[in-house]
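The next block is target.pdb, given as PDB, C-alpha atoms and all ligand atoms.
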```pdb
ATOM      1  CA  MET A1006      42.588  35.975  -5.819
ATOM      2  CA  ARG A1007      40.875  36.264  -2.462
ATOM      3  CA  ILE A1008      39.497  34.166   0.360
ATOM      4  CA  ARG A1009      35.739  34.163   0.782
ATOM      5  CA  THR A1010      32.864  32.107   2.120
ATOM      6  CA  LEU A1011      31.478  29.674  -0.443
ATOM      7  CA  THR A1012      27.785  29.231  -1.176
ATOM      8  CA  ALA A1013      25.711  26.649  -3.046
ATOM      9  CA  ALA A1014      26.252  28.718  -6.197
ATOM     10  CA  ASP A1015      29.949  27.717  -6.056
ATOM     11  CA  ALA A1016      29.167  23.996  -6.490
ATOM     12  CA  PRO A1017      30.207  23.737 -10.185
ATOM     13  CA  ALA A1018      33.480  25.619  -9.537
ATOM     14  CA  LEU A1019      34.186  23.468  -6.481
ATOM     15  CA  LEU A1020      33.629  20.340  -8.569
ATOM     16  CA  ARG A1021      36.123  21.620 -11.146
ATOM     17  CA  LEU A1022      38.679  22.198  -8.365
ATOM     18  CA  TYR A1023      38.272  18.665  -6.979
ATOM     19  CA  GLN A1024      38.457  17.179 -10.483
ATOM     20  CA  ALA A1025      41.713  19.090 -11.080
ATOM     21  CA  PHE A1026      43.489  17.913  -7.901
ATOM     22  CA  SER A1027      46.732  16.062  -8.641
ATOM     23  CA  ASP A1028      47.355  12.519  -7.378
ATOM     24  CA  GLU A1029      49.561  13.942  -4.622
ATOM     25  CA  VAL A1030      46.855  16.315  -3.381
ATOM     26  CA  ASN A1031      44.334  13.448  -3.526
ATOM     27  CA  ARG A1032      46.682  11.241  -1.525
ATOM     28  CA  TYR A1033      46.527  13.630   1.408
ATOM     29  CA  PHE A1034      43.102  15.182   1.004
ATOM     30  CA  ARG A1035      39.972  13.086   0.462
ATOM     31  CA  PRO A1036      37.210  14.624   2.531
ATOM     32  CA  PHE A1037      34.381  13.164   0.437
ATOM     33  CA  GLU A1038      33.879   9.458  -0.294
ATOM     34  CA  THR A1039      32.806  10.337  -3.821
ATOM     35  CA  VAL A1040      33.038  13.739  -5.459
ATOM     36  CA  THR A1041      29.961  14.664  -7.480
ATOM     37  CA  LEU A1042      28.088  17.897  -8.058
ATOM     38  CA  GLU A1043      25.329  16.627  -5.726
ATOM     39  CA  VAL A1044      27.772  15.819  -2.907
ATOM     40  CA  LEU A1045      29.467  19.207  -3.157
ATOM     41  CA  ARG A1046      26.180  21.095  -3.458
ATOM     42  CA  ASP A1047      24.925  19.319  -0.346
ATOM     43  CA  HIS A1048      28.127  20.319   1.484
ATOM     44  CA  LEU A1049      27.752  23.960   0.397
ATOM     45  CA  GLU A1050      24.034  24.067   1.233
ATOM     46  CA  ARG A1051      24.880  22.864   4.719
ATOM     47  CA  GLY A1052      27.349  25.746   4.814
ATOM     48  CA  ASP A1053      24.605  28.174   3.789
ATOM     49  CA  ALA A1054      22.486  26.724   6.623
ATOM     50  CA  GLY A1055      25.257  27.297   9.190
ATOM     51  CA  GLU A1056      25.983  23.605   9.744
ATOM     52  CA  HIS A1057      29.483  23.833   8.233
ATOM     53  CA  LEU A1058      31.984  26.638   7.686
ATOM     54  CA  THR A1059      33.197  26.467   4.098
ATOM     55  CA  LEU A1060      35.623  28.931   2.499
ATOM     56  CA  GLY A1061      37.623  29.045  -0.691
ATOM     57  CA  VAL A1062      40.463  30.766  -2.493
ATOM     58  CA  ALA A1063      38.615  32.330  -5.408
ATOM     59  CA  GLU A1064      39.389  34.246  -8.575
ATOM     60  CA  PRO A1065      37.143  37.139  -9.659
ATOM     61  CA  ASP A1066      35.797  34.897 -12.475
ATOM     62  CA  GLY A1067      34.493  32.423  -9.870
ATOM     63  CA  SER A1068      37.120  29.718 -10.313
ATOM     64  CA  LEU A1069      38.407  28.163  -7.098
ATOM     65  CA  TRP A1070      41.986  27.240  -6.163
ATOM     66  CA  GLY A1071      41.561  26.071  -2.593
ATOM     67  CA  HIS A1072      38.916  24.779  -0.180
ATOM     68  CA  GLY A1073      39.004  25.008   3.613
ATOM     69  CA  PHE A1074      36.190  24.051   5.942
ATOM     70  CA  VAL A1075      35.008  22.975   9.352
ATOM     71  CA  LEU A1076      32.341  20.272   9.258
ATOM     72  CA  GLY A1077      29.710  20.243  11.988
ATOM     73  CA  ILE A1078      30.689  23.584  13.492
ATOM     74  CA  ARG A1079      27.841  23.379  16.011
ATOM     75  CA  GLY A1080      28.590  19.774  16.965
ATOM     76  CA  GLU A1081      30.767  18.309  19.720
ATOM     77  CA  ARG A1082      33.722  17.582  17.442
ATOM     78  CA  PRO A1083      33.927  19.944  14.489
ATOM     79  CA  VAL A1084      36.364  18.645  11.844
ATOM     80  CA  PHE A1085      38.749  20.914   9.903
ATOM     81  CA  GLY A1086      39.974  20.161   6.373
ATOM     82  CA  ILE A1087      41.996  22.010   3.731
ATOM     83  CA  GLY A1088      43.208  21.357   0.206
ATOM     84  CA  LEU A1089      44.812  23.587  -2.397
ATOM     85  CA  HIS A1090      45.300  23.121  -6.106
ATOM     86  CA  GLN A1091      48.890  21.939  -6.612
ATOM     87  CA  ASP A1092      49.834  25.164  -8.440
ATOM     88  CA  LEU A1093      49.073  27.148  -5.266
ATOM     89  CA  ILE A1094      51.008  24.993  -2.789
ATOM     90  CA  GLY A1095      53.919  26.549  -0.899
ATOM     91  CA  LYS A1096      52.968  30.196  -1.532
ATOM     92  CA  GLY A1097      51.311  31.099   1.754
ATOM     93  CA  TRP A1098      47.708  30.535   0.662
ATOM     94  CA  GLY A1099      47.302  27.496   2.911
ATOM     95  CA  ARG A1100      48.155  29.535   5.991
ATOM     96  CA  ARG A1101      45.943  32.432   4.892
ATOM     97  CA  LEU A1102      42.988  30.159   4.156
ATOM     98  CA  MET A1103      43.444  28.248   7.394
ATOM     99  CA  GLU A1104      43.623  31.473   9.417
ATOM    100  CA  ALA A1105      40.362  32.647   7.833
ATOM    101  CA  VAL A1106      38.617  29.326   8.595
ATOM    102  CA  ILE A1107      39.901  29.138  12.171
ATOM    103  CA  ASN A1108      39.033  32.797  12.818
ATOM    104  CA  ALA A1109      35.492  32.046  11.602
ATOM    105  CA  ALA A1110      35.361  28.976  13.869
ATOM    106  CA  ASP A1111      36.481  31.079  16.841
ATOM    107  CA  ALA A1112      33.937  33.767  15.989
ATOM    108  CA  SER A1113      31.191  31.123  15.892
ATOM    109  CA  GLY A1114      32.001  30.274  19.514
ATOM    110  CA  ALA A1115      33.021  26.665  18.830
ATOM    111  CA  PRO A1116      35.283  25.678  21.757
ATOM    112  CA  LEU A1117      37.042  22.850  19.893
ATOM    113  CA  VAL A1118      38.169  22.040  16.344
ATOM    114  CA  THR A1119      39.650  18.631  15.452
ATOM    115  CA  LEU A1120      41.425  17.197  12.422
ATOM    116  CA  THR A1121      43.280  14.164  11.164
ATOM    117  CA  VAL A1122      46.418  14.271   9.013
ATOM    118  CA  LEU A1123      48.730  11.643   7.541
ATOM    119  CA  LYS A1124      51.918  11.549   9.643
ATOM    120  CA  GLU A1125      54.047  11.794   6.478
ATOM    121  CA  ASN A1126      52.364  15.110   5.520
ATOM    122  CA  HIS A1127      54.988  17.224   7.287
ATOM    123  CA  ARG A1128      53.954  20.469   5.597
ATOM    124  CA  ALA A1129      50.396  20.156   6.890
ATOM    125  CA  VAL A1130      51.428  18.959  10.364
ATOM    126  CA  SER A1131      53.761  21.913  10.858
ATOM    127  CA  LEU A1132      51.095  24.337   9.609
ATOM    128  CA  TYR A1133      48.557  22.831  12.026
ATOM    129  CA  GLU A1134      50.946  22.985  14.984
ATOM    130  CA  SER A1135      51.724  26.618  14.215
ATOM    131  CA  MET A1136      47.963  27.292  14.262
ATOM    132  CA  GLY A1137      47.619  25.892  17.775
ATOM    133  CA  PHE A1138      46.590  22.280  17.041
ATOM    134  CA  GLU A1139      48.070  19.670  19.377
ATOM    135  CA  LEU A1140      48.756  15.977  18.787
ATOM    136  CA  ARG A1141      46.202  13.924  20.707
ATOM    137  CA  GLY A1142      46.645  10.418  19.349
ATOM    138  CA  ASP A1143      46.880   8.128  16.343
ATOM    139  CA  CYS A1144      44.182   7.238  13.884
ATOM    140  CA  THR A1145      43.792   5.272  10.679
ATOM    141  CA  PHE A1146      43.297   6.666   7.165
ATOM    142  CA  ARG A1147      44.610   4.041   4.733
ATOM    143  CA  MET A1148      46.949   2.010   6.938
ATOM    144  CA  GLU A1149      46.704   1.352  10.642
ATOM    145  CA  ASN A1150      47.820   4.361  12.706
ATOM    146  CA  ASP A1151      49.133   6.205   9.648
ATOM    147  CA  SER A1152      47.601   9.503  10.850
ATOM    148  CA  HIS A1153      47.647  11.963  13.721
ATOM    149  CA  TYR A1154      44.476  13.076  15.446
ATOM    150  CA  MET A1155      44.866  16.744  16.498
ATOM    151  CA  GLU A1156      42.772  19.204  18.472
ATOM    152  CA  ARG A1157      42.714  22.962  18.966
ATOM    153  CA  ARG A1158      40.867  24.616  21.818
ATOM    154  CA  ARG A1159      39.733  28.188  21.349
ATOM    155  CA  THR A1160      41.980  30.579  23.224
ATOM    156  CA  ALA A1161      39.831  33.711  22.990
ATOM    157  CA  PRO A1162      37.151  34.134  25.695
TER     158      PRO A1162
HETATM  159  C1  LIG A1201      48.773  21.540   3.438
HETATM  160  C2  LIG A1201      48.514  22.815   2.648
HETATM  161  C3  LIG A1201      47.083  23.290   2.872
HETATM  162  C4  LIG A1201      49.479  23.904   3.157
HETATM  163  O1  LIG A1201      49.286  25.081   2.400
HETATM  164  P1  LIG A1201      50.514  25.800   1.650
HETATM  165  O2  LIG A1201      49.977  27.015   1.007
HETATM  166  O3  LIG A1201      51.192  24.808   0.789
HETATM  167  O4  LIG A1201      51.436  26.189   2.860
HETATM  168  P2  LIG A1201      52.002  27.632   3.183
HETATM  169  O5  LIG A1201      52.828  28.092   2.022
HETATM  170  O6  LIG A1201      50.886  28.499   3.637
HETATM  171  O7  LIG A1201      52.964  27.301   4.392
HETATM  172  C5  LIG A1201      52.400  27.043   5.648
HETATM  173  C6  LIG A1201      53.388  26.388   6.555
HETATM  174  O8  LIG A1201      53.680  25.076   6.080
HETATM  175  C7  LIG A1201      54.979  24.741   6.521
HETATM  176  N1  LIG A1201      55.717  24.290   5.377
HETATM  177  C8  LIG A1201      55.741  24.826   4.148
HETATM  178  N2  LIG A1201      56.496  24.079   3.345
HETATM  179  C9  LIG A1201      56.941  23.052   4.074
HETATM  180  C10 LIG A1201      57.753  21.921   3.812
HETATM  181  N3  LIG A1201      58.246  21.687   2.579
HETATM  182  N4  LIG A1201      58.004  21.062   4.828
HETATM  183  C11 LIG A1201      57.494  21.276   6.055
HETATM  184  N5  LIG A1201      56.711  22.324   6.349
HETATM  185  C12 LIG A1201      56.460  23.210   5.370
HETATM  186  C13 LIG A1201      55.576  25.912   7.197
HETATM  187  O9  LIG A1201      55.351  25.780   8.576
HETATM  188  C14 LIG A1201      54.753  27.057   6.654
HETATM  189  O10 LIG A1201      54.733  28.053   7.603
HETATM  190  P3  LIG A1201      55.290  29.547   7.274
HETATM  191  O11 LIG A1201      54.062  30.273   6.827
HETATM  192  O12 LIG A1201      55.784  30.011   8.612
HETATM  193  O13 LIG A1201      56.366  29.434   6.223
HETATM  194  C15 LIG A1201      48.751  22.604   1.115
HETATM  195  O14 LIG A1201      50.124  22.305   0.901
HETATM  196  C16 LIG A1201      47.894  21.505   0.495
HETATM  197  O15 LIG A1201      46.757  21.736   0.141
HETATM  198  N6  LIG A1201      48.484  20.298   0.346
HETATM  199  C17 LIG A1201      47.794  19.183  -0.309
HETATM  200  C18 LIG A1201      46.553  18.714   0.430
HETATM  201  C19 LIG A1201      46.834  18.477   1.897
HETATM  202  O16 LIG A1201      47.877  17.995   2.295
HETATM  203  N7  LIG A1201      45.825  18.830   2.714
HETATM  204  C20 LIG A1201      45.873  18.600   4.133
HETATM  205  C21 LIG A1201      45.319  17.249   4.403
HETATM  206  S1  LIG A1201      45.282  16.891   6.160
END
```

Go through the file and emit its structure as structure tokens.
Ligand SMILES: CC(C)(COP(=O)(O)OP(=O)(O)OC[C@H]1O[C@@H](n2cnc3c(N)ncnc32)[C@H](O)[C@@H]1OP(=O)(O)O)[C@@H](O)C(=O)NCCC(=O)NCCS
Amino acid sequence: MRIRTLTAADAPALLRLYQAFSDEVNRYFRPFETVTLEVLRDHLERGDAGEHLTLGVAEPDGSLWGHGFVLGIRGERPVFGIGLHQDLIGKGWGRRLMEAVINAADASGAPLVTLTVLKENHRAVSLYESMGFELRGDCTFRMENDSHYMERRRTAP
């Protein structure tokens, strides 16, 4: 299992990952309004074009166990997201994948990365804080002000 950049060729494997997410993972992680092969291929093609950063935790056979990304890496407010298959949670892969995505964001020169996270998702909030994200306000996911808005400014020159 290793972390690598995803390409449009990973669309079917990414669809299988999203279709396999448990209810609990889906409760916290819903980056796409609807999940179809077309939606995920479009996301990955935008990655190929340099619009997004999009990485995965991948097996040698091509199957995927985690997805981490920054949407709109060249925009004013790039947005980070991460989700692992439930079988991988709590084993250090979230931190490793996040480090790889944030290192790629830093290398791209993006001065700012933002995210939103449900306040009750303590595991994710503590991971984000340890990666240099700071609480910047409340926002709404399913219920009013149920989420934190967080930002990280690049520290390297
Ligand atoms: C959030 C997520 C990416 C974290 O990845 P993970 O592999 O489970 O986490 P890791 O094992 O890498 O642990 C990372 C950190 O989380 C924190 N953490 C782990 N378990 C925790 C727990 N039960 N409670 C609070 N914090 C916890 C620790 O700070 C840990 O840091 P450490 O490396 O110093 O121990 C993963 O759990 C996940 O995909 N969850 C479901 C989807 C989701 O919540 N996505 C985020 C939506 S905003």

Selection dump of the PyMOL selection byres (((chain A and resi 1007-1018) around 12) and not hetatm), as a ChimeraX atom specification: /A:1006,1019-1025,1040-1055,1057-1075,1098-1106,1109

Restrict the selected residues to C-alpha atoms and save them as a short mmCIF file (atom, residue, chain, number, x, y, z; two decimals), in the coordinates of the input.
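Result file is selection_9.cif:
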```cif
data_model
loop_
_atom_site.label_atom_id
_atom_site.label_comp_id
_atom_site.auth_asym_id
_atom_site.auth_seq_id
_atom_site.Cartn_x
_atom_site.Cartn_y
_atom_site.Cartn_z
CA MET A 1006 42.59 35.98 -5.82
CA LEU A 1019 34.19 23.47 -6.48
CA LEU A 1020 33.63 20.34 -8.57
CA ARG A 1021 36.12 21.62 -11.15
CA LEU A 1022 38.68 22.20 -8.36
CA TYR A 1023 38.27 18.66 -6.98
CA GLN A 1024 38.46 17.18 -10.48
CA ALA A 1025 41.71 19.09 -11.08
CA VAL A 1040 33.04 13.74 -5.46
CA THR A 1041 29.96 14.66 -7.48
CA LEU A 1042 28.09 17.90 -8.06
CA GLU A 1043 25.33 16.63 -5.73
CA VAL A 1044 27.77 15.82 -2.91
CA LEU A 1045 29.47 19.21 -3.16
CA ARG A 1046 26.18 21.10 -3.46
CA ASP A 1047 24.92 19.32 -0.35
CA HIS A 1048 28.13 20.32 1.48
CA LEU A 1049 27.75 23.96 0.40
CA GLU A 1050 24.03 24.07 1.23
CA ARG A 1051 24.88 22.86 4.72
CA GLY A 1052 27.35 25.75 4.81
CA ASP A 1053 24.60 28.17 3.79
CA ALA A 1054 22.49 26.72 6.62
CA GLY A 1055 25.26 27.30 9.19
CA HIS A 1057 29.48 23.83 8.23
CA LEU A 1058 31.98 26.64 7.69
CA THR A 1059 33.20 26.47 4.10
CA LEU A 1060 35.62 28.93 2.50
CA GLY A 1061 37.62 29.04 -0.69
CA VAL A 1062 40.46 30.77 -2.49
CA ALA A 1063 38.62 32.33 -5.41
CA GLU A 1064 39.39 34.25 -8.57
CA PRO A 1065 37.14 37.14 -9.66
CA ASP A 1066 35.80 34.90 -12.48
CA GLY A 1067 34.49 32.42 -9.87
CA SER A 1068 37.12 29.72 -10.31
CA LEU A 1069 38.41 28.16 -7.10
CA TRP A 1070 41.99 27.24 -6.16
CA GLY A 1071 41.56 26.07 -2.59
CA HIS A 1072 38.92 24.78 -0.18
CA GLY A 1073 39.00 25.01 3.61
CA PHE A 1074 36.19 24.05 5.94
CA VAL A 1075 35.01 22.98 9.35
CA TRP A 1098 47.71 30.54 0.66
CA GLY A 1099 47.30 27.50 2.91
CA ARG A 1100 48.16 29.54 5.99
CA ARG A 1101 45.94 32.43 4.89
CA LEU A 1102 42.99 30.16 4.16
CA MET A 1103 43.44 28.25 7.39
CA GLU A 1104 43.62 31.47 9.42
CA ALA A 1105 40.36 32.65 7.83
CA VAL A 1106 38.62 29.33 8.60
CA ALA A 1109 35.49 32.05 11.60
#
```

Ground truth for the PyMOL selection byres (((not hetatm)) within 6 of (chain A and resi 1201)), written as number ranges by chain: A: 1030, 1033-1034, 1087-1089, 1094-1100, 1122, 1127-1129, 1131-1132

Atom CA of A:Gly1077 to atom CA of A:Ala1110, distance in Å rounded to a single decimal: 10.6 Å

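One finds atom CA of A:Leu1117 at 7.7 Å from atom CA of A:Glu1081.
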
Proximity to A:Thr1121 - best of A:Arg1141, A:Arg1158, A:Arg1032, A:His1090, all atoms listed in the file: A:Arg1141
